[in-house]
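Chemist: Below you'll find upload.cif; it's mmCIF, C-alpha atoms and all ligand atoms.
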```cif
data_work
#
loop_
_atom_site.group_PDB
_atom_site.id
_atom_site.type_symbol
_atom_site.label_atom_id
_atom_site.label_comp_id
_atom_site.auth_asym_id
_atom_site.auth_seq_id
_atom_site.Cartn_x
_atom_site.Cartn_y
_atom_site.Cartn_z
ATOM 1 C CA ASP A 1 91.210 110.913 -7.886
ATOM 2 C CA THR A 2 91.878 112.297 -11.351
ATOM 3 C CA ILE A 3 94.153 110.034 -13.412
ATOM 4 C CA SER A 4 96.936 111.740 -15.419
ATOM 5 C CA LEU A 5 96.819 110.795 -19.114
ATOM 6 C CA THR A 6 100.500 111.195 -19.871
ATOM 7 C CA GLY A 7 101.770 110.838 -23.417
ATOM 8 C CA LYS A 8 105.393 110.098 -22.661
ATOM 9 C CA GLU A 9 105.243 106.292 -22.607
ATOM 10 C CA LEU A 10 103.221 106.112 -25.809
ATOM 11 C CA ALA A 11 105.579 108.572 -27.517
ATOM 12 C CA ALA A 12 108.585 106.478 -26.444
ATOM 13 C CA THR A 13 107.014 103.296 -27.843
ATOM 14 C CA LEU A 14 106.166 104.989 -31.148
ATOM 15 C CA ASN A 15 109.623 106.563 -31.362
ATOM 16 C CA SER A 16 111.528 103.332 -30.862
ATOM 17 C CA GLU A 17 109.585 101.742 -33.736
ATOM 18 C CA THR A 18 110.138 104.819 -35.928
ATOM 19 C CA ALA A 19 113.890 104.783 -35.219
ATOM 20 C CA GLU A 20 114.101 101.123 -36.279
ATOM 21 C CA ARG A 21 112.214 101.785 -39.498
ATOM 22 C CA ALA A 22 114.340 104.871 -40.257
ATOM 23 C CA ALA A 23 117.497 102.803 -39.708
ATOM 24 C CA ALA A 24 116.205 100.122 -42.069
ATOM 25 C CA LEU A 25 115.561 102.771 -44.737
ATOM 26 C CA ALA A 26 119.026 104.265 -44.225
ATOM 27 C CA GLU A 27 120.556 100.825 -44.633
ATOM 28 C CA ARG A 28 118.750 100.412 -47.956
ATOM 29 C CA GLY A 29 120.181 103.653 -49.329
ATOM 30 C CA ALA A 30 118.943 106.869 -47.760
ATOM 31 C CA ALA A 31 117.535 108.080 -44.471
ATOM 32 C CA PRO A 32 113.983 109.472 -44.597
ATOM 33 C CA ARG A 33 113.992 113.193 -45.283
ATOM 34 C CA LEU A 34 111.597 115.858 -43.970
ATOM 35 C CA VAL A 35 111.648 119.497 -45.091
ATOM 36 C CA LEU A 36 110.084 122.233 -42.951
ATOM 37 C CA VAL A 37 108.976 125.362 -44.809
ATOM 38 C CA VAL A 38 108.845 128.535 -42.719
ATOM 39 C CA ALA A 39 107.407 131.916 -43.746
ATOM 40 C CA ASN A 40 107.269 133.834 -40.456
ATOM 41 C CA ASP A 41 109.481 135.271 -37.756
ATOM 42 C CA ASP A 42 107.254 134.078 -34.921
ATOM 43 C CA PRO A 43 109.205 132.907 -31.832
ATOM 44 C CA ALA A 44 106.741 130.081 -31.004
ATOM 45 C CA SER A 45 107.058 128.747 -34.555
ATOM 46 C CA GLY A 46 110.839 128.970 -34.279
ATOM 47 C CA TRP A 47 110.733 127.015 -31.054
ATOM 48 C CA TYR A 48 108.522 124.344 -32.655
ATOM 49 C CA VAL A 49 110.838 124.036 -35.678
ATOM 50 C CA LYS A 50 113.799 123.464 -33.351
ATOM 51 C CA SER A 51 111.897 120.820 -31.408
ATOM 52 C CA LEU A 52 110.964 119.011 -34.647
ATOM 53 C CA GLN A 53 114.587 119.105 -35.825
ATOM 54 C CA ARG A 54 115.712 117.674 -32.500
ATOM 55 C CA ALA A 55 113.080 114.936 -32.585
ATOM 56 C CA ALA A 56 113.920 113.999 -36.180
ATOM 57 C CA GLY A 57 117.650 113.943 -35.431
ATOM 58 C CA LYS A 58 117.191 111.522 -32.526
ATOM 59 C CA LEU A 59 115.227 109.126 -34.750
ATOM 60 C CA GLY A 60 117.598 109.121 -37.743
ATOM 61 C CA ILE A 61 115.376 111.315 -39.928
ATOM 62 C CA ASP A 62 117.096 114.062 -41.963
ATOM 63 C CA CYS A 63 115.342 117.367 -41.380
ATOM 64 C CA ASP A 64 116.050 120.569 -43.331
ATOM 65 C CA THR A 65 114.418 123.964 -43.012
ATOM 66 C CA VAL A 66 113.661 126.353 -45.862
ATOM 67 C CA ASP A 67 113.042 129.873 -44.550
ATOM 68 C CA LEU A 68 111.171 132.042 -47.051
ATOM 69 C CA GLY A 69 110.868 134.987 -44.643
ATOM 70 C CA ALA A 70 107.843 136.651 -43.091
ATOM 71 C CA THR A 71 107.054 138.674 -46.237
ATOM 72 C CA ALA A 72 106.900 135.720 -48.653
ATOM 73 C CA THR A 73 104.040 135.834 -51.173
ATOM 74 C CA ALA A 74 101.518 133.026 -51.675
ATOM 75 C CA ASP A 75 103.093 132.390 -55.101
ATOM 76 C CA ALA A 76 106.569 132.015 -53.604
ATOM 77 C CA ILE A 77 105.303 129.610 -50.926
ATOM 78 C CA ARG A 78 103.341 127.531 -53.444
ATOM 79 C CA SER A 79 106.250 127.324 -55.819
ATOM 80 C CA GLU A 80 108.626 126.201 -53.027
ATOM 81 C CA LEU A 81 106.132 123.532 -51.915
ATOM 82 C CA ARG A 82 105.658 122.300 -55.504
ATOM 83 C CA GLY A 83 109.416 122.072 -55.988
ATOM 84 C CA LEU A 84 109.859 120.029 -52.806
ATOM 85 C CA CYS A 85 106.979 117.735 -53.738
ATOM 86 C CA ALA A 86 108.559 117.106 -57.157
ATOM 87 C CA ASP A 87 111.945 116.301 -55.570
ATOM 88 C CA ILE A 88 112.385 112.537 -55.188
ATOM 89 C CA ALA A 89 114.987 113.132 -52.460
ATOM 90 C CA VAL A 90 112.288 114.677 -50.228
ATOM 91 C CA ASP A 91 109.866 112.286 -48.509
ATOM 92 C CA ALA A 92 107.806 114.676 -46.406
ATOM 93 C CA VAL A 93 106.933 118.385 -46.383
ATOM 94 C CA MET A 94 105.552 120.480 -43.529
ATOM 95 C CA LEU A 95 104.484 124.103 -43.814
ATOM 96 C CA GLN A 96 104.757 126.030 -40.548
ATOM 97 C CA THR A 97 102.201 128.555 -39.325
ATOM 98 C CA PRO A 98 101.632 131.432 -38.867
ATOM 99 C CA LEU A 99 101.762 132.403 -42.538
ATOM 100 C CA PRO A 100 102.382 135.953 -43.761
ATOM 101 C CA GLU A 101 99.403 138.328 -43.595
ATOM 102 C CA ARG A 102 97.073 137.921 -46.589
ATOM 103 C CA VAL A 103 98.228 134.324 -47.196
ATOM 104 C CA ALA A 104 95.499 131.784 -46.372
ATOM 105 C CA LEU A 105 96.565 128.256 -45.421
ATOM 106 C CA PRO A 106 94.307 126.333 -47.867
ATOM 107 C CA ASP A 107 95.534 128.521 -50.764
ATOM 108 C CA VAL A 108 99.108 127.393 -50.261
ATOM 109 C CA SER A 109 98.726 123.989 -48.562
ATOM 110 C CA SER A 110 96.952 122.726 -51.691
ATOM 111 C CA ALA A 111 100.431 122.689 -53.303
ATOM 112 C CA ILE A 112 101.534 119.841 -50.985
ATOM 113 C CA VAL A 113 100.840 116.424 -52.550
ATOM 114 C CA ALA A 114 98.973 114.054 -50.211
ATOM 115 C CA ALA A 115 101.786 111.458 -50.269
ATOM 116 C CA LYS A 116 104.188 113.967 -48.656
ATOM 117 C CA ASP A 117 101.630 115.866 -46.550
ATOM 118 C CA VAL A 118 102.643 114.282 -43.235
ATOM 119 C CA ASP A 119 100.626 116.743 -41.136
ATOM 120 C CA GLY A 120 97.509 116.304 -43.258
ATOM 121 C CA VAL A 121 96.907 120.031 -43.817
ATOM 122 C CA SER A 122 96.003 120.191 -47.498
ATOM 123 C CA PRO A 123 92.369 120.284 -48.679
ATOM 124 C CA HIS A 124 93.073 116.982 -50.448
ATOM 125 C CA SER A 125 94.326 115.283 -47.260
ATOM 126 C CA LEU A 126 91.374 116.662 -45.267
ATOM 127 C CA GLY A 127 89.023 115.316 -47.942
ATOM 128 C CA LEU A 128 90.649 111.871 -47.745
ATOM 129 C CA LEU A 129 90.151 111.950 -43.972
ATOM 130 C CA ALA A 130 86.503 113.026 -44.237
ATOM 131 C CA THR A 131 85.731 110.265 -46.745
ATOM 132 C CA GLY A 132 87.653 107.572 -44.850
ATOM 133 C CA LEU A 133 90.258 107.054 -47.575
ATOM 134 C CA PRO A 134 93.914 106.364 -46.712
ATOM 135 C CA GLY A 135 96.029 109.472 -46.126
ATOM 136 C CA PHE A 136 97.833 111.286 -43.340
ATOM 137 C CA PRO A 137 95.511 112.717 -40.662
ATOM 138 C CA PRO A 138 96.713 115.893 -38.890
ATOM 139 C CA ALA A 139 99.098 114.619 -36.205
ATOM 140 C CA THR A 140 97.597 116.574 -33.296
ATOM 141 C CA SER A 141 94.102 115.197 -33.921
ATOM 142 C CA GLU A 142 95.460 111.688 -34.331
ATOM 143 C CA ALA A 143 97.416 112.141 -31.075
ATOM 144 C CA VAL A 144 94.173 112.783 -29.151
ATOM 145 C CA VAL A 145 92.669 109.520 -30.415
ATOM 146 C CA GLU A 146 95.873 107.517 -29.877
ATOM 147 C CA LEU A 147 96.327 108.926 -26.362
ATOM 148 C CA ALA A 148 92.766 107.866 -25.462
ATOM 149 C CA LYS A 149 93.321 104.379 -26.887
ATOM 150 C CA HIS A 150 96.655 104.012 -25.089
ATOM 151 C CA HIS A 151 94.904 104.720 -21.781
ATOM 152 C CA ASP A 152 92.075 102.272 -22.604
ATOM 153 C CA ILE A 153 89.444 104.990 -22.898
ATOM 154 C CA PRO A 154 86.664 103.669 -25.126
ATOM 155 C CA LEU A 155 85.388 106.089 -27.795
ATOM 156 C CA ALA A 156 82.696 104.066 -29.587
ATOM 157 C CA GLY A 157 79.220 105.227 -28.665
ATOM 158 C CA ARG A 158 80.478 107.889 -26.270
ATOM 159 C CA HIS A 159 79.660 111.571 -26.394
ATOM 160 C CA VAL A 160 82.766 113.635 -27.097
ATOM 161 C CA ALA A 161 82.648 117.443 -26.964
ATOM 162 C CA VAL A 162 85.444 119.027 -29.005
ATOM 163 C CA VAL A 163 86.077 122.676 -28.102
ATOM 164 C CA GLY A 164 87.539 124.335 -31.238
ATOM 165 C CA ARG A 165 86.654 124.088 -34.922
ATOM 166 C CA SER A 166 89.927 124.960 -36.665
ATOM 167 C CA ASN A 167 90.964 123.146 -39.846
ATOM 168 C CA VAL A 168 94.159 122.193 -38.034
ATOM 169 C CA VAL A 169 92.732 120.557 -34.893
ATOM 170 C CA GLY A 170 88.986 120.719 -34.160
ATOM 171 C CA LYS A 171 87.479 119.747 -37.524
ATOM 172 C CA PRO A 172 89.848 116.886 -38.391
ATOM 173 C CA LEU A 173 89.542 115.614 -34.807
ATOM 174 C CA ALA A 174 85.751 115.476 -35.209
ATOM 175 C CA GLN A 175 86.253 113.331 -38.348
ATOM 176 C CA LEU A 176 88.659 110.954 -36.616
ATOM 177 C CA LEU A 177 86.294 110.583 -33.647
ATOM 178 C CA LEU A 178 83.368 109.831 -35.972
ATOM 179 C CA ALA A 179 85.510 107.136 -37.580
ATOM 180 C CA GLU A 180 85.873 105.662 -34.046
ATOM 181 C CA ASN A 181 82.063 105.680 -33.743
ATOM 182 C CA ALA A 182 81.935 108.422 -31.126
ATOM 183 C CA THR A 183 79.015 110.847 -30.971
ATOM 184 C CA VAL A 184 80.641 114.210 -31.580
ATOM 185 C CA THR A 185 79.649 117.764 -30.651
ATOM 186 C CA VAL A 186 81.908 120.515 -31.985
ATOM 187 C CA CYS A 187 81.894 123.731 -29.911
ATOM 188 C CA HIS A 188 83.483 127.058 -30.818
ATOM 189 C CA SER A 189 83.691 130.722 -29.892
ATOM 190 C CA ARG A 190 80.037 131.309 -30.863
ATOM 191 C CA THR A 191 78.639 128.357 -28.902
ATOM 192 C CA THR A 192 75.884 129.475 -26.524
ATOM 193 C CA ASP A 193 76.411 128.108 -23.009
ATOM 194 C CA LEU A 194 79.657 126.181 -23.493
ATOM 195 C CA PRO A 195 79.660 124.765 -19.911
ATOM 196 C CA ALA A 196 76.230 123.170 -20.454
ATOM 197 C CA VAL A 197 77.371 121.510 -23.697
ATOM 198 C CA THR A 198 80.690 120.210 -22.377
ATOM 199 C CA ALA A 199 79.181 119.071 -19.048
ATOM 200 C CA ALA A 200 76.862 116.785 -21.022
ATOM 201 C CA ALA A 201 79.818 114.938 -22.586
ATOM 202 C CA ASP A 202 81.647 111.789 -21.475
ATOM 203 C CA ILE A 203 84.888 113.159 -22.930
ATOM 204 C CA VAL A 204 85.887 116.810 -23.375
ATOM 205 C CA VAL A 205 88.718 117.770 -25.737
ATOM 206 C CA ALA A 206 89.946 121.340 -25.285
ATOM 207 C CA ALA A 207 91.516 122.831 -28.445
ATOM 208 C CA ALA A 208 90.615 126.508 -28.258
ATOM 209 C CA GLY A 209 93.977 128.108 -27.514
ATOM 210 C CA ARG A 210 92.595 129.908 -24.419
ATOM 211 C CA ALA A 211 94.426 129.323 -21.150
ATOM 212 C CA GLY A 212 92.111 128.205 -18.347
ATOM 213 C CA LEU A 213 88.961 128.143 -20.526
ATOM 214 C CA ILE A 214 87.786 124.754 -19.248
ATOM 215 C CA THR A 215 87.073 124.736 -15.507
ATOM 216 C CA GLY A 216 85.389 122.323 -13.112
ATOM 217 C CA ASP A 217 82.043 123.855 -14.108
ATOM 218 C CA HIS A 218 82.574 122.632 -17.694
ATOM 219 C CA VAL A 219 82.961 118.937 -16.864
ATOM 220 C CA ARG A 220 80.719 116.432 -15.238
ATOM 221 C CA GLU A 221 81.873 114.179 -12.393
ATOM 222 C CA GLY A 222 84.156 111.445 -13.752
ATOM 223 C CA ALA A 223 84.469 112.840 -17.296
ATOM 224 C CA ILE A 224 87.658 112.380 -19.318
ATOM 225 C CA VAL A 225 89.389 115.658 -20.249
ATOM 226 C CA ILE A 226 92.039 115.870 -22.973
ATOM 227 C CA ASP A 227 93.905 119.169 -23.209
ATOM 228 C CA VAL A 228 95.322 120.096 -26.632
ATOM 229 C CA GLY A 229 95.959 123.753 -25.807
ATOM 230 C CA THR A 230 99.460 125.160 -25.726
ATOM 231 C CA ASN A 231 99.406 128.719 -24.422
ATOM 232 C CA GLU A 232 102.110 130.856 -22.938
ATOM 233 C CA GLY A 233 101.448 131.236 -19.205
ATOM 234 C CA PRO A 234 102.160 134.382 -17.169
ATOM 235 C CA ASP A 235 105.661 133.128 -16.236
ATOM 236 C CA GLY A 236 106.482 132.175 -19.854
ATOM 237 C CA LYS A 237 105.829 128.490 -19.198
ATOM 238 C CA ILE A 238 103.459 126.531 -21.421
ATOM 239 C CA VAL A 239 99.896 125.997 -20.119
ATOM 240 C CA GLY A 240 96.880 124.207 -21.552
ATOM 241 C CA ASP A 241 93.261 125.269 -22.103
ATOM 242 C CA VAL A 242 92.173 123.463 -18.945
ATOM 243 C CA ASP A 243 92.295 125.021 -15.496
ATOM 244 C CA ALA A 244 93.828 121.870 -14.030
ATOM 245 C CA ALA A 245 93.382 122.911 -10.393
ATOM 246 C CA SER A 246 89.615 123.338 -10.744
ATOM 247 C CA VAL A 247 89.157 120.118 -12.757
ATOM 248 C CA GLN A 248 91.315 118.005 -10.381
ATOM 249 C CA GLY A 249 89.211 115.727 -8.226
ATOM 250 C CA LYS A 250 86.132 116.145 -10.435
ATOM 251 C CA ALA A 251 87.288 114.762 -13.792
ATOM 252 C CA GLY A 252 88.030 111.037 -13.990
ATOM 253 C CA ALA A 253 91.171 111.723 -16.016
ATOM 254 C CA LEU A 254 93.056 114.714 -17.421
ATOM 255 C CA SER A 255 95.951 114.925 -19.879
ATOM 256 C CA PRO A 256 98.802 117.139 -18.638
ATOM 257 C CA VAL A 257 100.304 120.103 -20.511
ATOM 258 C CA PRO A 258 103.151 119.696 -21.212
ATOM 259 C CA GLY A 259 103.630 115.933 -21.457
ATOM 260 C CA GLY A 260 100.216 114.821 -22.741
ATOM 261 C CA VAL A 261 99.117 115.331 -26.368
ATOM 262 C CA GLY A 262 102.333 117.170 -27.347
ATOM 263 C CA PRO A 263 104.920 114.353 -27.295
ATOM 264 C CA VAL A 264 102.466 111.987 -29.018
ATOM 265 C CA THR A 265 101.882 114.557 -31.781
ATOM 266 C CA THR A 266 105.596 114.787 -32.538
ATOM 267 C CA ALA A 267 106.005 111.005 -32.425
ATOM 268 C CA LEU A 268 103.102 110.514 -34.864
ATOM 269 C CA LEU A 269 104.500 113.142 -37.250
ATOM 270 C CA MET A 270 107.812 111.309 -37.347
ATOM 271 C CA ARG A 271 106.019 108.008 -37.887
ATOM 272 C CA HIS A 272 104.247 109.622 -40.846
ATOM 273 C CA VAL A 273 107.613 110.709 -42.287
ATOM 274 C CA VAL A 274 108.944 107.156 -42.152
ATOM 275 C CA ARG A 275 105.716 105.825 -43.640
ATOM 276 C CA ALA A 276 105.927 108.350 -46.508
ATOM 277 C CA ALA A 277 109.544 107.304 -47.162
ATOM 278 C CA GLU A 278 108.654 103.588 -47.131
ATOM 279 C CA ALA A 279 105.790 104.183 -49.561
ATOM 280 C CA SER A 280 107.931 106.194 -51.969
ATOM 281 C CA ARG A 281 110.546 103.430 -52.131
ATOM 282 C CA ALA A 282 108.174 100.484 -52.370
HETATM 283 P P1 LIG A 301 92.727 128.346 -33.661
HETATM 284 O O1 LIG A 301 92.913 129.660 -32.987
HETATM 285 O O2 LIG A 301 92.888 128.210 -35.107
HETATM 286 O O3 LIG A 301 91.275 127.821 -33.312
HETATM 287 C C1 LIG A 301 90.717 127.956 -32.032
HETATM 288 C C2 LIG A 301 89.284 127.452 -32.027
HETATM 289 O O4 LIG A 301 88.790 127.559 -30.711
HETATM 290 C C3 LIG A 301 88.354 128.225 -32.939
HETATM 291 O O5 LIG A 301 87.580 127.318 -33.686
HETATM 292 C C4 LIG A 301 87.483 129.019 -31.969
HETATM 293 O O6 LIG A 301 86.144 129.121 -32.423
HETATM 294 C C5 LIG A 301 87.540 128.197 -30.702
HETATM 295 N N1 LIG A 301 87.464 129.066 -29.525
HETATM 296 C C6 LIG A 301 88.206 130.151 -29.242
HETATM 297 N N2 LIG A 301 87.802 130.721 -28.089
HETATM 298 C C7 LIG A 301 86.782 129.980 -27.631
HETATM 299 C C8 LIG A 301 85.931 130.087 -26.492
HETATM 300 N N3 LIG A 301 86.092 131.059 -25.605
HETATM 301 N N4 LIG A 301 84.975 129.152 -26.343
HETATM 302 C C9 LIG A 301 84.816 128.167 -27.250
HETATM 303 N N5 LIG A 301 85.593 128.022 -28.348
HETATM 304 C C10 LIG A 301 86.564 128.927 -28.532
HETATM 305 O O7 LIG A 301 93.696 127.343 -32.854
HETATM 306 P P2 LIG A 301 94.229 125.868 -33.286
HETATM 307 O O8 LIG A 301 95.303 125.997 -34.284
HETATM 308 O O9 LIG A 301 93.084 124.972 -33.559
HETATM 309 O O10 LIG A 301 94.920 125.425 -31.922
HETATM 310 C C11 LIG A 301 94.167 125.255 -30.746
HETATM 311 C C12 LIG A 301 95.117 125.056 -29.573
HETATM 312 O O11 LIG A 301 95.834 123.847 -29.760
HETATM 313 C C13 LIG A 301 96.186 126.145 -29.439
HETATM 314 O O12 LIG A 301 96.461 126.350 -28.053
HETATM 315 C C14 LIG A 301 97.380 125.534 -30.098
HETATM 316 O O13 LIG A 301 98.594 126.079 -29.625
HETATM 317 C C15 LIG A 301 97.219 124.105 -29.698
HETATM 318 N N6 LIG A 301 97.895 123.148 -30.562
HETATM 319 C C16 LIG A 301 98.594 122.156 -29.944
HETATM 320 C C17 LIG A 301 99.246 121.210 -30.679
HETATM 321 C C18 LIG A 301 99.971 120.089 -29.975
HETATM 322 O O14 LIG A 301 100.696 119.339 -30.589
HETATM 323 N N7 LIG A 301 99.771 119.939 -28.673
HETATM 324 C C19 LIG A 301 99.224 121.281 -32.073
HETATM 325 C C20 LIG A 301 98.478 122.275 -32.703
HETATM 326 C C21 LIG A 301 97.821 123.204 -31.926
#
```
Go ahead and express the file in the form of structure tokens.
Modeler:
Amino acid sequence: DTISLTGKELAATLNSETAERAAALAERGAAPRLVLVVANDDPASGWYVKSLQRAAGKLGIDCDTVDLGATATADAIRSELRGLCADIAVDAVMLQTPLPERVALPDVSSAIVAAKDVDGVSPHSLGLLATGLPGFPPATSEAVVELAKHHDIPLAGRHVAVVGRSNVVGKPLAQLLLAENATVTVCHSRTTDLPAVTAAADIVVAAAGRAGLITGDHVREGAIVIDVGTNEGPDGKIVGDVDAASVQGKAGALSPVPGGVGPVTTALLMRHVVRAAEASRA
């Protein structure tokens, strides 16, 4: 039988610790404060912003949103991010995607100082991660590793195939897995014979943003499958990158969507916010 790698318990454990630490900070003067910067009118981004605000609110983290509009220039976004990073009343800054056309993420994310870059998106934060220096790793990538650890899945020495090479998920995840001593193969849209590559792995992580991409043919008997994908299904519900029905019974374990990587990602982001606040007041 295929075990379900749910993220709900782990998220609850992380959240109760975060709430305690946020309360302790509030008692000492001010609650931790996160600012979300938005420059789009994308419904999925809007939904994510609302879910972050809700999560922060439950944990005693102040969360404001600055909406620059879908036509904001790179200069306007950079200058907003610089202002927030210079503001001692702001502990953490997150820039939402998608960005306006013609604005590239690294061009603007470089304006977020590493100490407040709780989702680890800036070139500086990614460099800290790649060199093994302390910083905030991107929460989604960290969630994959933490979810595996929570379910006692060993990573050291094992062959992990990561499907996706984005700067947001695939590449930082490869770095985190290397730091856990895994042997890592990174696959992408130009990989020749994806099923052969993933079927050779002990663990497959799907982060391609393609519903149903990973089927039973992509995984070997007993392999662990972690699904990062969040795609809109035909009925408007959220579905992963894994065709769960065809992987069921063949994979040793599979993380559900929703309820797997997602809740852990949010919980880790909020933990980063509290950590940033603690560091700034030390
Ligand atoms: P992206 O579009 O930036 O990158 C997708 C990557 O997948 C690319 O590197 C591409 O080469 C690869 N890819 C695309 N089609 C492929 C194919 N047919 N075969 C092999 N590789 C293929 O997306 P992203 O921002 O990295 O996000 C990936 C997925 O993770 C999306 O579904 C996104 O919604 C989801 N996501 C989830 C969370 C979470 O908290 N659960 C957070 C961030 C992103």
Chemist: Just how far from CA of Arg271 in chain A is CA of Gly170 in chain A, in Å to one decimal?
Modeler: 21.6 Å
Chemist: Which residues would end up in the selection if the PyMOL selection byres (((chain A and resi 97) around 9) and not hetatm) were applied here, given that I need the answer as an mmCIF file with C-alpha atoms, keeping the file's coordinate frame?
Modeler:
```cif
data_model
loop_
_atom_site.group_PDB
_atom_site.id
_atom_site.type_symbol
_atom_site.label_atom_id
_atom_site.label_comp_id
_atom_site.auth_asym_id
_atom_site.auth_seq_id
_atom_site.Cartn_x
_atom_site.Cartn_y
_atom_site.Cartn_z
ATOM 1 C CA VAL A 38 108.845 128.535 -42.719
ATOM 2 C CA ALA A 39 107.407 131.916 -43.746
ATOM 3 C CA ASN A 40 107.269 133.834 -40.456
ATOM 4 C CA ASP A 42 107.254 134.078 -34.921
ATOM 5 C CA SER A 45 107.058 128.747 -34.555
ATOM 6 C CA LEU A 95 104.484 124.103 -43.814
ATOM 7 C CA GLN A 96 104.757 126.030 -40.548
ATOM 8 C CA PRO A 98 101.632 131.432 -38.867
ATOM 9 C CA LEU A 99 101.762 132.403 -42.538
ATOM 10 C CA PRO A 100 102.382 135.953 -43.761
ATOM 11 C CA LEU A 105 96.565 128.256 -45.421
#
```
Chemist: Select the residues contacting ligand LIG 301 (chain A) at a distance of at most 8 Å, based on all atoms listed in the file, then format the selection as an MDAnalysis selection string.
Modeler: chainID A and resid 139:140 143 163:170 187:191 194 206:211 213 228:231 240:241 260:266
Chemist: Given all atoms listed in the file as the basis, pick out the residue of A:Ile112, A:Ala55, A:Ala104, A:Val145 nearest to Gly83 in chain A.
Modeler: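 Selected residue with least distance to Gly83 in chain A: A:Ile112.
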Chemist: For Val162 in chain A, which of A:Leu126, A:Ala251, A:Val118, A:Ile224 is the closest residue, counting only C-alpha atoms?
Modeler: A:Ile224
Chemist: Env of range 7-22 of chain A: 7 Å cut, atoms = only C-alpha atoms, seq-sep filter 3 positions within chain, self excluded. Answer as a ChimeraX atom specification.
Modeler: /A:25-26,31-32,59-61,147,150,259-261,263-264,267,271,274
Chemist: Name the closest residue to Ser125 in chain A among the candidates A:Ile153, A:Pro172, A:Glu27, A:Asp87; distances are taken between atoms, counting only C-alpha atoms.
Modeler: A:Pro172
Chemist: I'd like to see the residues matched by the PyMOL selection byres (((chain A and resi 217) around 9) and not hetatm) on this file, and ideally I'd get them as an mmCIF file with C-alpha atoms, in the coordinates of the input.
Modeler:
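As a result, out-v9.cif now contains:
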```cif
data_model
loop_
_atom_site.group_PDB
_atom_site.id
_atom_site.type_symbol
_atom_site.label_atom_id
_atom_site.label_comp_id
_atom_site.auth_asym_id
_atom_site.auth_seq_id
_atom_site.Cartn_x
_atom_site.Cartn_y
_atom_site.Cartn_z
ATOM 1 C CA PRO A 195 79.660 124.765 -19.911
ATOM 2 C CA ALA A 196 76.230 123.170 -20.454
ATOM 3 C CA ALA A 199 79.181 119.071 -19.048
ATOM 4 C CA ILE A 214 87.786 124.754 -19.248
ATOM 5 C CA THR A 215 87.073 124.736 -15.507
ATOM 6 C CA GLY A 216 85.389 122.323 -13.112
ATOM 7 C CA HIS A 218 82.574 122.632 -17.694
ATOM 8 C CA VAL A 219 82.961 118.937 -16.864
ATOM 9 C CA ARG A 220 80.719 116.432 -15.238
ATOM 10 C CA SER A 246 89.615 123.338 -10.744
ATOM 11 C CA VAL A 247 89.157 120.118 -12.757
#
```
Chemist: Which is closest to Leu129 in chain A among A:Leu173, A:Asp107, A:Ala70, A:Tyr48, if we use all atoms listed in the file?
Modeler: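 Among the listed residues, the smallest separation from Leu129 in chain A belongs to A:Leu173.
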Chemist: Point out the residue among A:Asp227, A:Asp235, A:Asp117, A:Glu142 with the least atom-to-atom distance to Val204 in chain A, counting all atoms listed in the file.
Modeler: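 Once distances to Val204 in chain A are computed over all atoms listed in the file, the minimum belongs to A:Asp227.
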Chemist: One decimal, Å: what's the distance from CA of Ala277 in chain A over to CA of Asp91 in chain A, could you say?
Modeler: 5.2 Å
Chemist: Which residue gives the smallest distance to Pro154 in chain A among A:Asp1, A:Asp193, A:Glu232, A:Asp202, with all atoms listed in the file counted?
Modeler: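 Nearest to Pro154 in chain A: A:Asp202.
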Chemist: Please compute the CA of Leu269 in chain A-CA of Asp119 in chain A distance, one decimal, in Å.
Modeler: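 Atom-to-atom, CA of Leu269 in chain A and CA of Asp119 in chain A are spaced 6.6 Å apart.
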Chemist: Assuming the chain letters and numbering stay as they are in my file, what does the PyMOL selection byres (((chain A and resi 49) around 10) and not hetatm) actually select? List them as a list in words.
Modeler: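 Selected by the PyMOL selection byres (((chain A and resi 49) around 10) and not hetatm) in this file: Leu36, Val37, Val38, Pro43, Ala44, Ser45, Gly46, Trp47, Tyr48, Lys50, Ser51, Leu52, Gln53, Arg54, Ala55, Cys63, Asp64, Thr65 and Gln96 of chain A.
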Chemist: Near Arg82 in chain A, counting all atoms listed in the file, which residues have an atom at most 12 Å away, once you skip same-chain residues fewer than 2 positions from it, shown as a list of chain:residue names?
Modeler: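 Near Arg82 in chain A, the qualifying residues are A:Val37, A:Asp75, A:Ala76, A:Ile77, A:Arg78, A:Ser79, A:Glu80, A:Leu84, A:Cys85, A:Ala86, A:Asp87, A:Ile88, A:Val90, A:Val93, A:Leu95, A:Val108, A:Ser109, A:Ser110, A:Ala111, A:Ile112, A:Val113, A:Ala114, A:Lys116, A:Asp117.
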Chemist: Tell me which protein, DNA and RNA residues are within 8 Å of Leu177 in chain A, counting all atoms listed in the file, leaving out same-chain ones fewer than 5 positions away, and put them as a PyMOL selection string.
Modeler: chain A and resi 145+155+182-184
